[in-house]
file model-v3.cif (mmCIF, C-alpha atoms)
data_work
#
loop_
_atom_site.group_PDB
_atom_site.id
_atom_site.type_symbol
_atom_site.label_atom_id
_atom_site.label_comp_id
_atom_site.auth_asym_id
_atom_site.auth_seq_id
_atom_site.Cartn_x
_atom_site.Cartn_y
_atom_site.Cartn_z
ATOM 1 C CA MET W 1 17.635 11.919 2.893
ATOM 2 C CA SER W 2 15.649 9.293 4.822
ATOM 3 C CA GLU W 3 12.138 10.746 4.560
ATOM 4 C CA VAL W 4 9.164 8.835 3.163
ATOM 5 C CA VAL W 5 6.474 10.874 1.411
ATOM 6 C CA VAL W 6 3.120 9.118 1.141
ATOM 7 C CA VAL W 7 0.584 10.530 -1.315
ATOM 8 C CA GLY W 8 -2.925 9.194 -0.917
ATOM 9 C CA SER W 9 -6.233 8.941 0.873
ATOM 10 C CA PHE W 10 -7.533 9.552 4.365
ATOM 11 C CA ASN W 11 -10.857 7.990 5.363
ATOM 12 C CA VAL W 12 -12.925 7.709 8.479
ATOM 13 C CA ASP W 13 -13.564 3.969 8.739
ATOM 14 C CA HIS W 14 -16.887 2.599 9.978
ATOM 15 C CA VAL W 15 -16.222 -1.025 10.931
ATOM 16 C CA TRP W 16 -18.706 -3.810 11.639
ATOM 17 C CA ARG W 17 -17.438 -7.117 13.046
ATOM 18 C CA VAL W 18 -19.803 -9.910 12.000
ATOM 19 C CA ALA W 19 -19.856 -13.725 12.068
ATOM 20 C CA SER W 20 -19.853 -13.913 8.258
ATOM 21 C CA LEU W 21 -19.550 -11.347 5.472
ATOM 22 C CA PRO W 22 -22.870 -9.894 4.236
ATOM 23 C CA GLN W 23 -24.735 -11.492 1.341
ATOM 24 C CA ALA W 24 -27.318 -9.775 -0.857
ATOM 25 C CA GLY W 25 -30.552 -9.208 1.047
ATOM 26 C CA ALA W 26 -29.118 -10.222 4.411
ATOM 27 C CA THR W 27 -29.573 -8.323 7.693
ATOM 28 C CA LEU W 28 -26.834 -9.110 10.188
ATOM 29 C CA GLY W 29 -26.037 -8.186 13.759
ATOM 30 C CA GLY W 30 -22.502 -7.149 14.663
ATOM 31 C CA ASP W 31 -20.212 -4.968 16.730
ATOM 32 C CA TYR W 32 -19.478 -1.445 15.474
ATOM 33 C CA ALA W 33 -16.447 0.789 15.802
ATOM 34 C CA SER W 34 -15.146 3.874 14.008
ATOM 35 C CA GLY W 35 -11.591 5.028 13.415
ATOM 36 C CA PRO W 36 -9.079 6.395 10.915
ATOM 37 C CA GLY W 37 -8.098 4.660 7.685
ATOM 38 C CA GLY W 38 -7.595 5.140 3.961
ATOM 39 C CA LYS W 39 -4.744 3.428 2.162
ATOM 40 C CA GLY W 40 -2.597 6.547 2.155
ATOM 41 C CA PHE W 41 -2.982 7.252 5.849
ATOM 42 C CA ASN W 42 -2.551 3.592 6.799
ATOM 43 C CA GLN W 43 0.707 3.462 4.867
ATOM 44 C CA ALA W 44 1.911 6.749 6.323
ATOM 45 C CA MET W 45 1.256 5.448 9.840
ATOM 46 C CA ALA W 46 3.107 2.233 9.050
ATOM 47 C CA ALA W 47 6.101 4.091 7.624
ATOM 48 C CA ARG W 48 6.268 6.379 10.659
ATOM 49 C CA ARG W 49 5.849 3.599 13.210
ATOM 50 C CA ALA W 50 8.515 1.595 11.357
ATOM 51 C CA GLY W 51 10.903 4.444 12.151
ATOM 52 C CA ALA W 52 11.009 6.720 9.084
ATOM 53 C CA GLU W 53 10.424 10.453 9.017
ATOM 54 C CA THR W 54 7.131 10.613 7.143
ATOM 55 C CA ARG W 55 5.113 13.231 5.291
ATOM 56 C CA PHE W 56 1.514 12.583 4.230
ATOM 57 C CA VAL W 57 -0.002 14.418 1.249
ATOM 58 C CA CYS W 58 -3.789 14.236 0.929
ATOM 59 C CA ALA W 59 -7.032 16.224 0.607
ATOM 60 C CA LEU W 60 -9.401 16.796 3.542
ATOM 61 C CA GLY W 61 -12.799 18.364 4.049
ATOM 62 C CA ASP W 62 -13.736 20.923 6.677
ATOM 63 C CA ASP W 63 -15.222 18.527 9.199
ATOM 64 C CA ALA W 64 -14.597 16.244 12.157
ATOM 65 C CA GLY W 65 -12.829 13.703 9.931
ATOM 66 C CA ALA W 66 -10.265 16.296 8.912
ATOM 67 C CA GLN W 67 -9.659 17.262 12.528
ATOM 68 C CA LEU W 68 -9.138 13.594 13.360
ATOM 69 C CA ALA W 69 -6.492 13.360 10.615
ATOM 70 C CA ARG W 70 -4.668 16.422 11.935
ATOM 71 C CA THR W 71 -4.775 15.213 15.526
ATOM 72 C CA LEU W 72 -3.460 11.746 14.687
ATOM 73 C CA CYS W 73 -0.699 13.018 12.415
ATOM 74 C CA ALA W 74 0.473 15.380 15.148
ATOM 75 C CA ALA W 75 0.381 12.609 17.749
ATOM 76 C CA ASP W 76 2.561 10.279 15.679
ATOM 77 C CA GLY W 77 4.887 12.954 14.304
ATOM 78 C CA ILE W 78 3.698 12.753 10.691
ATOM 79 C CA ALA W 79 4.099 15.977 8.711
ATOM 80 C CA LEU W 80 0.687 16.623 7.126
ATOM 81 C CA ALA W 81 0.220 18.480 3.840
ATOM 82 C CA ALA W 82 -3.534 18.598 3.272
ATOM 83 C CA GLN W 83 -5.307 20.282 0.363
ATOM 84 C CA PRO W 84 -8.607 21.769 1.589
ATOM 85 C CA SER W 85 -11.770 20.541 -0.116
ATOM 86 C CA GLU W 86 -15.450 21.495 -0.037
ATOM 87 C CA SER W 87 -16.292 17.781 -0.163
ATOM 88 C CA PRO W 88 -16.504 15.832 3.088
ATOM 89 C CA THR W 89 -13.491 13.884 4.262
ATOM 90 C CA GLY W 90 -13.443 10.363 2.792
ATOM 91 C CA THR W 91 -15.249 7.474 4.483
ATOM 92 C CA ALA W 92 -15.227 3.676 4.285
ATOM 93 C CA GLY W 93 -17.633 0.962 5.428
ATOM 94 C CA ILE W 94 -15.751 -2.190 6.449
ATOM 95 C CA TYR W 95 -17.130 -5.613 7.365
ATOM 96 C CA VAL W 96 -14.829 -8.087 9.123
ATOM 97 C CA ASP W 97 -15.835 -11.727 9.675
ATOM 98 C CA ALA W 98 -14.843 -14.200 12.370
ATOM 99 C CA ALA W 99 -11.867 -15.393 10.296
ATOM 100 C CA GLY W 100 -10.480 -11.866 9.932
ATOM 101 C CA ARG W 101 -11.504 -11.540 6.264
ATOM 102 C CA ASN W 102 -13.002 -8.253 5.146
ATOM 103 C CA CYS W 103 -14.965 -6.441 2.455
ATOM 104 C CA ILE W 104 -14.865 -2.661 2.075
ATOM 105 C CA VAL W 105 -16.975 0.087 0.450
ATOM 106 C CA VAL W 106 -15.250 3.460 0.052
ATOM 107 C CA GLY W 107 -16.802 6.924 -0.349
ATOM 108 C CA ALA W 108 -13.990 9.025 -1.839
ATOM 109 C CA GLY W 109 -15.232 12.457 -0.745
ATOM 110 C CA ALA W 110 -12.321 14.903 -0.504
ATOM 111 C CA ASN W 111 -9.869 12.249 -1.689
ATOM 112 C CA ALA W 112 -11.281 12.656 -5.216
ATOM 113 C CA ALA W 113 -10.417 16.366 -5.141
ATOM 114 C CA LEU W 114 -6.639 16.014 -4.696
ATOM 115 C CA GLU W 115 -5.072 18.171 -7.421
ATOM 116 C CA ALA W 116 -2.063 17.090 -9.452
ATOM 117 C CA GLY W 117 -0.224 20.375 -8.983
ATOM 118 C CA PHE W 118 -0.697 20.345 -5.219
ATOM 119 C CA ALA W 119 0.474 16.750 -4.886
ATOM 120 C CA ALA W 120 3.558 17.232 -7.063
ATOM 121 C CA ALA W 121 4.570 20.458 -5.330
ATOM 122 C CA ARG W 122 4.517 18.800 -1.916
ATOM 123 C CA ILE W 123 7.038 16.080 -2.813
ATOM 124 C CA ALA W 124 10.160 18.159 -2.202
ATOM 125 C CA ASP W 125 8.776 20.546 0.444
ATOM 126 C CA GLY W 126 10.975 19.090 3.177
ATOM 127 C CA GLY W 127 14.035 18.452 1.005
ATOM 128 C CA ARG W 128 14.803 15.417 -1.133
ATOM 129 C CA PRO W 129 12.751 12.397 0.003
ATOM 130 C CA ALA W 130 14.252 8.926 -0.067
ATOM 131 C CA VAL W 131 10.984 7.200 -1.004
ATOM 132 C CA VAL W 132 7.689 8.330 -2.510
ATOM 133 C CA LEU W 133 4.812 5.899 -1.936
ATOM 134 C CA ALA W 134 1.412 6.191 -3.632
ATOM 135 C CA GLN W 135 -1.800 4.228 -4.189
ATOM 136 C CA LEU W 136 -4.899 4.675 -6.392
ATOM 137 C CA GLU W 137 -7.620 5.932 -4.023
ATOM 138 C CA SER W 138 -6.804 9.463 -5.246
ATOM 139 C CA PRO W 139 -7.093 10.875 -8.796
ATOM 140 C CA VAL W 140 -4.636 9.080 -11.060
ATOM 141 C CA GLU W 141 -3.437 12.388 -12.550
ATOM 142 C CA ALA W 142 -2.369 13.583 -9.097
ATOM 143 C CA ILE W 143 -0.672 10.269 -8.350
ATOM 144 C CA ALA W 144 1.189 10.272 -11.679
ATOM 145 C CA MET W 145 2.490 13.819 -11.193
ATOM 146 C CA ALA W 146 3.580 13.050 -7.639
ATOM 147 C CA MET W 147 5.406 9.942 -8.851
ATOM 148 C CA GLN W 148 7.148 11.932 -11.573
ATOM 149 C CA ALA W 149 8.131 14.576 -9.024
ATOM 150 C CA GLY W 150 9.542 11.794 -6.864
ATOM 151 C CA ARG W 151 11.641 10.461 -9.731
ATOM 152 C CA ASP W 152 12.843 13.992 -10.507
ATOM 153 C CA ALA W 153 13.894 14.378 -6.850
ATOM 154 C CA GLY W 154 15.917 11.152 -6.971
ATOM 155 C CA ALA W 155 13.539 9.185 -4.746
ATOM 156 C CA THR W 156 12.646 5.513 -5.035
ATOM 157 C CA VAL W 157 9.032 5.517 -6.212
ATOM 158 C CA ILE W 158 6.661 2.780 -5.027
ATOM 159 C CA LEU W 159 3.168 2.365 -6.468
ATOM 160 C CA ASN W 160 0.699 0.170 -4.629
ATOM 161 C CA PRO W 161 -1.837 -0.249 -7.479
ATOM 162 C CA ALA W 162 -4.860 -0.593 -5.219
ATOM 163 C CA PRO W 163 -7.786 -0.950 -5.295
ATOM 164 C CA ALA W 164 -8.022 -3.574 -8.027
ATOM 165 C CA ASN W 165 -10.818 -1.782 -9.894
ATOM 166 C CA ALA W 166 -8.837 1.454 -10.274
ATOM 167 C CA ALA W 167 -8.056 2.279 -13.906
ATOM 168 C CA VAL W 168 -4.374 3.173 -14.207
ATOM 169 C CA PRO W 169 -2.610 3.947 -17.504
ATOM 170 C CA GLY W 170 0.449 1.927 -18.454
ATOM 171 C CA ALA W 171 2.484 5.136 -18.471
ATOM 172 C CA THR W 172 1.700 5.632 -14.775
ATOM 173 C CA LEU W 173 2.768 2.083 -13.936
ATOM 174 C CA GLU W 174 6.067 2.748 -15.683
ATOM 175 C CA LEU W 175 6.807 5.674 -13.355
ATOM 176 C CA ALA W 176 7.206 3.229 -10.471
ATOM 177 C CA HIS W 177 10.546 1.726 -9.539
ATOM 178 C CA ILE W 178 8.611 -0.817 -7.448
ATOM 179 C CA LEU W 179 5.054 -2.140 -7.972
ATOM 180 C CA THR W 180 3.297 -3.869 -5.064
ATOM 181 C CA PRO W 181 -0.043 -5.399 -6.138
ATOM 182 C CA ASN W 182 -1.839 -8.095 -4.201
ATOM 183 C CA GLU W 183 -3.042 -11.154 -6.114
ATOM 184 C CA THR W 184 -6.398 -9.603 -7.090
ATOM 185 C CA GLU W 185 -4.764 -6.375 -8.253
ATOM 186 C CA PHE W 186 -2.033 -8.251 -10.119
ATOM 187 C CA ALA W 187 -4.565 -10.402 -11.977
ATOM 188 C CA ALA W 188 -6.581 -7.306 -12.904
ATOM 189 C CA LEU W 189 -3.480 -5.504 -14.169
ATOM 190 C CA LEU W 190 -2.384 -8.529 -16.190
ATOM 191 C CA GLY W 191 -5.771 -8.681 -17.870
ATOM 192 C CA ARG W 192 -5.907 -4.946 -18.540
ATOM 193 C CA HIS W 193 -2.326 -4.271 -19.680
ATOM 194 C CA VAL W 194 -0.957 -7.617 -20.883
ATOM 195 C CA GLY W 195 -4.113 -9.390 -22.059
ATOM 196 C CA GLU W 196 -3.331 -12.391 -19.844
ATOM 197 C CA ARG W 197 -6.278 -13.870 -17.943
ATOM 198 C CA ILE W 198 -5.572 -15.673 -14.696
ATOM 199 C CA GLU W 199 -7.586 -16.296 -11.553
ATOM 200 C CA PRO W 200 -6.140 -14.456 -8.525
ATOM 201 C CA GLU W 201 -6.276 -17.540 -6.307
ATOM 202 C CA ALA W 202 -4.173 -19.467 -8.862
ATOM 203 C CA LEU W 203 -1.190 -17.122 -8.597
ATOM 204 C CA SER W 204 0.275 -18.610 -5.428
ATOM 205 C CA GLN W 205 0.250 -22.059 -7.084
ATOM 206 C CA LEU W 206 2.228 -21.017 -10.169
ATOM 207 C CA ASP W 207 5.802 -22.189 -10.483
ATOM 208 C CA GLN W 208 8.399 -19.518 -9.876
ATOM 209 C CA GLN W 209 9.529 -18.977 -13.456
ATOM 210 C CA ARG W 210 6.013 -18.634 -14.830
ATOM 211 C CA LEU W 211 5.058 -16.104 -12.172
ATOM 212 C CA HIS W 212 8.313 -14.264 -12.842
ATOM 213 C CA ALA W 213 7.441 -14.122 -16.551
ATOM 214 C CA HIS W 214 4.042 -12.610 -15.751
ATOM 215 C CA CYS W 215 5.722 -9.995 -13.534
ATOM 216 C CA ARG W 216 8.184 -9.086 -16.276
ATOM 217 C CA ALA W 217 5.408 -8.745 -18.846
ATOM 218 C CA LEU W 218 3.653 -6.262 -16.555
ATOM 219 C CA GLY W 219 6.522 -4.544 -14.773
ATOM 220 C CA HIS W 220 9.032 -4.062 -17.610
ATOM 221 C CA ASP W 221 11.777 -2.084 -15.781
ATOM 222 C CA SER W 222 10.119 -2.175 -12.349
ATOM 223 C CA THR W 223 10.648 -4.574 -9.488
ATOM 224 C CA VAL W 224 7.289 -6.265 -8.854
ATOM 225 C CA ILE W 225 6.253 -7.634 -5.458
ATOM 226 C CA VAL W 226 3.034 -9.641 -5.540
ATOM 227 C CA THR W 227 1.620 -9.998 -2.044
ATOM 228 C CA LEU W 228 -0.161 -13.356 -1.732
ATOM 229 C CA GLY W 229 -1.914 -13.229 1.636
ATOM 230 C CA GLY W 230 -1.208 -16.376 3.636
ATOM 231 C CA SER W 231 1.304 -17.498 1.004
ATOM 232 C CA GLY W 232 3.631 -14.568 1.684
ATOM 233 C CA CYS W 233 4.880 -12.663 -1.341
ATOM 234 C CA PHE W 234 6.774 -13.090 -4.590
ATOM 235 C CA VAL W 235 9.554 -10.735 -5.703
ATOM 236 C CA SER W 236 10.525 -10.263 -9.356
ATOM 237 C CA HIS W 237 13.374 -8.009 -10.504
ATOM 238 C CA PRO W 238 14.127 -6.920 -14.068
ATOM 239 C CA GLU W 239 17.280 -8.362 -15.593
ATOM 240 C CA GLY W 240 20.383 -6.507 -14.411
ATOM 241 C CA GLN W 241 18.522 -4.548 -11.670
ATOM 242 C CA LEU W 242 18.571 -6.905 -8.703
ATOM 243 C CA ARG W 243 18.723 -4.190 -6.012
ATOM 244 C CA GLY W 244 21.424 -5.990 -4.060
ATOM 245 C CA ASP W 245 19.807 -9.429 -4.358
ATOM 246 C CA THR W 246 21.602 -12.424 -5.862
ATOM 247 C CA VAL W 247 18.631 -13.843 -7.813
ATOM 248 C CA ALA W 248 16.014 -12.278 -10.061
ATOM 249 C CA CYS W 249 12.981 -13.838 -8.356
ATOM 250 C CA TYR W 250 12.100 -15.539 -5.084
ATOM 251 C CA ARG W 251 9.330 -16.108 -2.545
ATOM 252 C CA VAL W 252 9.194 -14.789 1.024
ATOM 253 C CA PRO W 253 6.870 -16.693 3.410
ATOM 254 C CA ILE W 254 4.717 -15.057 6.063
ATOM 255 C CA GLU W 255 5.507 -15.371 9.741
ATOM 256 C CA PRO W 256 3.127 -17.360 11.987
ATOM 257 C CA THR W 257 0.696 -15.085 13.792
ATOM 258 C CA GLN W 258 -2.640 -15.077 15.603
ATOM 259 C CA VAL W 259 -4.798 -13.252 13.052
ATOM 260 C CA VAL W 260 -7.482 -10.949 14.451
ATOM 261 C CA ASP W 261 -8.099 -8.626 11.492
ATOM 262 C CA THR W 262 -6.417 -8.500 8.074
ATOM 263 C CA THR W 263 -7.702 -4.976 7.323
ATOM 264 C CA GLY W 264 -4.721 -2.815 6.450
ATOM 265 C CA ALA W 265 -2.190 -5.653 6.222
ATOM 266 C CA GLY W 266 -1.247 -4.722 2.668
ATOM 267 C CA ASP W 267 -0.860 -1.102 3.740
ATOM 268 C CA ALA W 268 1.342 -2.218 6.639
ATOM 269 C CA PHE W 269 3.555 -4.080 4.152
ATOM 270 C CA ASN W 270 3.904 -1.055 1.876
ATOM 271 C CA GLY W 271 4.604 1.456 4.621
ATOM 272 C CA ALA W 272 7.165 -0.810 6.272
ATOM 273 C CA LEU W 273 8.866 -1.513 2.946
ATOM 274 C CA ALA W 274 9.131 2.226 2.254
ATOM 275 C CA ALA W 275 10.541 2.901 5.728
ATOM 276 C CA SER W 276 13.138 0.147 5.455
ATOM 277 C CA LEU W 277 14.272 1.350 2.028
ATOM 278 C CA ALA W 278 14.560 4.910 3.317
ATOM 279 C CA LEU W 279 16.412 4.067 6.526
ATOM 280 C CA LEU W 280 18.704 1.267 5.330
ATOM 281 C CA PRO W 281 19.387 1.861 1.623
ATOM 282 C CA ALA W 282 22.557 -0.260 1.537
ATOM 283 C CA ARG W 283 20.754 -3.474 2.487
ATOM 284 C CA ALA W 284 19.819 -6.175 -0.001
ATOM 285 C CA PHE W 285 16.251 -5.862 -1.219
ATOM 286 C CA ALA W 286 15.292 -9.233 0.254
ATOM 287 C CA ASP W 287 16.042 -7.878 3.737
ATOM 288 C CA HIS W 288 13.621 -4.993 3.171
ATOM 289 C CA VAL W 289 10.930 -7.403 1.973
ATOM 290 C CA ARG W 290 11.420 -9.740 4.935
ATOM 291 C CA PHE W 291 11.014 -6.828 7.330
ATOM 292 C CA ALA W 292 7.863 -5.668 5.517
ATOM 293 C CA VAL W 293 6.379 -9.186 5.681
ATOM 294 C CA ARG W 294 7.165 -9.431 9.396
ATOM 295 C CA TYR W 295 5.654 -6.003 10.018
ATOM 296 C CA ALA W 296 2.492 -6.817 8.058
ATOM 297 C CA SER W 297 2.086 -10.097 9.957
ATOM 298 C CA ARG W 298 2.293 -8.239 13.268
ATOM 299 C CA SER W 299 -0.334 -5.722 12.090
ATOM 300 C CA THR W 300 -2.971 -8.467 11.799
ATOM 301 C CA GLU W 301 -2.785 -9.233 15.515
ATOM 302 C CA LEU W 302 -4.862 -6.147 16.370
ATOM 303 C CA ALA W 303 -8.251 -4.994 15.094
ATOM 304 C CA GLY W 304 -8.450 -1.929 12.866
ATOM 305 C CA ALA W 305 -6.349 -0.325 10.166
ATOM 306 C CA ALA W 306 -4.188 2.737 10.833
ATOM 307 C CA LEU W 307 -4.138 2.384 14.612
ATOM 308 C CA SER W 308 -3.193 -1.308 14.394
ATOM 309 C CA MET W 309 0.178 -0.477 12.861
ATOM 310 C CA PRO W 310 2.833 -1.781 15.251
ATOM 311 C CA ARG W 311 5.660 0.354 16.607
ATOM 312 C CA MET W 312 8.461 -1.786 15.223
ATOM 313 C CA ALA W 313 11.451 0.023 13.752
ATOM 314 C CA ALA W 314 13.320 -1.267 10.733
ATOM 315 C CA GLY W 315 16.800 -2.358 11.675
#

call {"tool": "encode", "arguments": {"input": "model-v3.cif", "output": "structure tokens"}}
result
Amino acid sequence: MSEVVVVGSFNVDHVWRVASLPQAGATLGGDYASGPGGKGFNQAMAARRAGAETRFVCALGDDAGAQLARTLCAADGIALAAQPSESPTGTAGIYVDAAGRNCIVVGAGANAALEAGFAAARIADGGRPAVVLAQLESPVEAIAMAMQAGRDAGATVILNPAPANAAVPGATLELAHILTPNETEFAALLGRHVGERIEPEALSQLDQQRLHAHCRALGHDSTVIVTLGGSGCFVSHPEGQLRGDTVACYRVPIEPTQVVDTTGAGDAFNGALAASLALLPARAFADHVRFAVRYASRSTELAGAALSMPRMAAG
């Protein structure tokens, strides 16, 4: 029972490296590359390369993008469960500046066709998974049913509530044992579900108890991990559910690294966290988070998303 099941998106990424991110009306020169991505696939690659048996549930078109997904899953030993779609396989346009910052435009394509029944039925296909990991680049109904199926199977359910503009009902958030928003996503969720307005860039400056209170207002019975970019991450547990930790909240700093490209760093964190939880369930939660932070830091040393995931086993 050490398998990670990732439910989510596969995209073909079209990446432009530019000196600065585009502004309205601007025409820029840059270097172009294409490769695999999508939050779901990125996280599945991270989980697999962090050492966990991994299954990836998604929807694909009948095109070259779908063949790329199948080829890459086979090469890395990821079990692929793909719902066929008449829509083209998802795509994303990504701009990366000289500092490694990025902006992304996603065309959902087949990802928007993932059906709730298909996603839920795939959760237990290979037995009882240890962890089910999902994001919000697929229909929320499919994600919610997959999360419920994960809970029913006894898995730890992680929801990465990304992207920030995705509308997710409170009932879906409550299906997660662990929520992993970044600062932009956390601020959006606070505004939408708690009625608390806060600027994303202010989160890393909040004192520990105030940030913990915000996490509890949003997460209720879930552990919340807010990833804070260069400031590391903040972990907040509900009272009485410390997951082997000795304190209810704490910060974990990033590790020094030579940043080339931050694209996919959040996905690296989530996939590595899922793998560590699946492989080493007896460890304190802080150990899992520290591994995920270290893994995510390493992922920024290479350009790209899915293929930049390091081969670095949890242990």

call {"tool": "atom_distance", "arguments": {"input": "model-v3.cif", "atom1": "atom CA of W:Gln208", "atom2": "atom CA of W:Ala188"}}
result
19.6 Å

call {"tool": "residues_around", "arguments": {"input": "model-v3.cif", "residues": "W:Pro181", "least_positions_apart": "3", "cutoff": "9 Å", "atoms": "all atoms listed in the file", "output": "ChimeraX atom specification"}}
result
/W:159-164,184-187,189,224-227,266

call {"tool": "closest_residue", "arguments": {"input": "model-v3.cif", "among": "W:Glu137, W:Asp62, W:Asp97, W:Asp221", "to": "W:Leu21", "atoms": "all atoms listed in the file"}}
result
W:Asp97

call {"tool": "atom_distance", "arguments": {"input": "model-v3.cif", "atom1": "atom CA of W:Arg192", "atom2": "atom CA of W:Leu114"}}
result
25.1 Å

call {"tool": "residues_around", "arguments": {"input": "model-v3.cif", "residues": "W:His212", "least_positions_apart": "6", "cutoff": "12 Å", "atoms": "only C-alpha atoms", "output": "ChimeraX atom specification"}}
result
/W:203-204,206,218-220,223-226,234-239,247-251

call {"tool": "closest_atom_pairs", "arguments": {"input": "model-v3.cif", "of": "stretch 277-302 of chain W", "to": "stretch 35-50 of chain W", "cutoff": "12 Å", "atoms": "all atoms listed in the file", "output": "JSON lines"}}
result
{"residue": "W:Leu277", "atom": "CA", "partner": "W:Ala47", "partner_atom": "CA", "distance": 10.3}
{"residue": "W:Ala278", "atom": "CA", "partner": "W:Ala47", "partner_atom": "CA", "distance": 9.5}
{"residue": "W:Leu279", "atom": "CA", "partner": "W:Ala50", "partner_atom": "CA", "distance": 9.6}
{"residue": "W:Leu280", "atom": "CA", "partner": "W:Ala50", "partner_atom": "CA", "distance": 11.8}
{"residue": "W:His288", "atom": "CA", "partner": "W:Ala50", "partner_atom": "CA", "distance": 11.7}
{"residue": "W:Phe291", "atom": "CA", "partner": "W:Ala50", "partner_atom": "CA", "distance": 9.7}
{"residue": "W:Ala292", "atom": "CA", "partner": "W:Ala50", "partner_atom": "CA", "distance": 9.3}
{"residue": "W:Arg294", "atom": "CA", "partner": "W:Ala50", "partner_atom": "CA", "distance": 11.3}
{"residue": "W:Tyr295", "atom": "CA", "partner": "W:Ala50", "partner_atom": "CA", "distance": 8.2}
{"residue": "W:Ala296", "atom": "CA", "partner": "W:Ala46", "partner_atom": "CA", "distance": 9.1}
{"residue": "W:Arg298", "atom": "CA", "partner": "W:Ala46", "partner_atom": "CA", "distance": 11.3}
{"residue": "W:Ser299", "atom": "CA", "partner": "W:Ala46", "partner_atom": "CA", "distance": 9.2}

call {"tool": "closest_residue", "arguments": {"input": "model-v3.cif", "among": "W:Phe285, W:Val194, W:Ile254, W:Ser138", "to": "W:Ala213", "atoms": "only C-alpha atoms"}}
result
W:Val194

call {"tool": "atom_distance", "arguments": {"input": "model-v3.cif", "atom1": "atom CA of W:Gly229", "atom2": "atom CA of W:Ala142"}}
result
28.9 Å

call {"tool": "axis_aligned_box", "arguments": {"input": "model-v3.cif", "around": "stretch 31-46 of chain W", "padding_each_side": "5 Å", "output": "lines of an AutoDock Vina configuration file"}}
result
center_x = -8.6
center_y = 1.1
center_z = 9.4
size_x = 33.3
size_y = 22.2
size_z = 24.6

call {"tool": "residues_near_point", "arguments": {"input": "model-v3.cif", "point": "(5.1, -20.2, 4.1)", "cutoff": "10 Å", "atoms": "all atoms listed in the file", "output": "list in words"}}
result
Gly230, Ser231, Gly232, Cys233, Arg251, Val252, Pro253, Ile254, Glu255 and Pro256 of chain W

call {"tool": "resolve_selection", "arguments": {"input": "model-v3.cif", "expression": "the PyMOL selection byres ((chain W and resi 304) around 8)", "output": "list in words"}}
result
Gly35, Asp261, Thr263, Gly264, Leu302, Ala303, Ala305, Ala306, Leu307 and Ser308 of chain W

call {"tool": "resolve_selection", "arguments": {"input": "model-v3.cif", "expression": "the PyMOL selection byres ((chain W and resi 129) around 6)", "output": "list of chain:residue names"}}
result
W:Met1, W:Glu3, W:Val4, W:Arg128, W:Ala130, W:Val131, W:Ala155

call {"tool": "resolve_selection", "arguments": {"input": "model-v3.cif", "expression": "the PyMOL selection byres ((chain W and resi 72-77) around 9)", "output": "number ranges by chain"}}
result
W: 36, 45, 48-49, 53-54, 56, 67-71, 78-80

call {"tool": "residues_around", "arguments": {"input": "model-v3.cif", "residues": "W:Leu173", "least_positions_apart": "2", "cutoff": "9 Å", "atoms": "all atoms listed in the file", "output": "list of chain:residue names"}}
result
W:Ala144, W:Leu159, W:Pro161, W:Val168, W:Pro169, W:Gly170, W:Ala171, W:Leu175, W:Ala176, W:His177, W:Leu179, W:Leu218, W:Gly219, W:Ser222
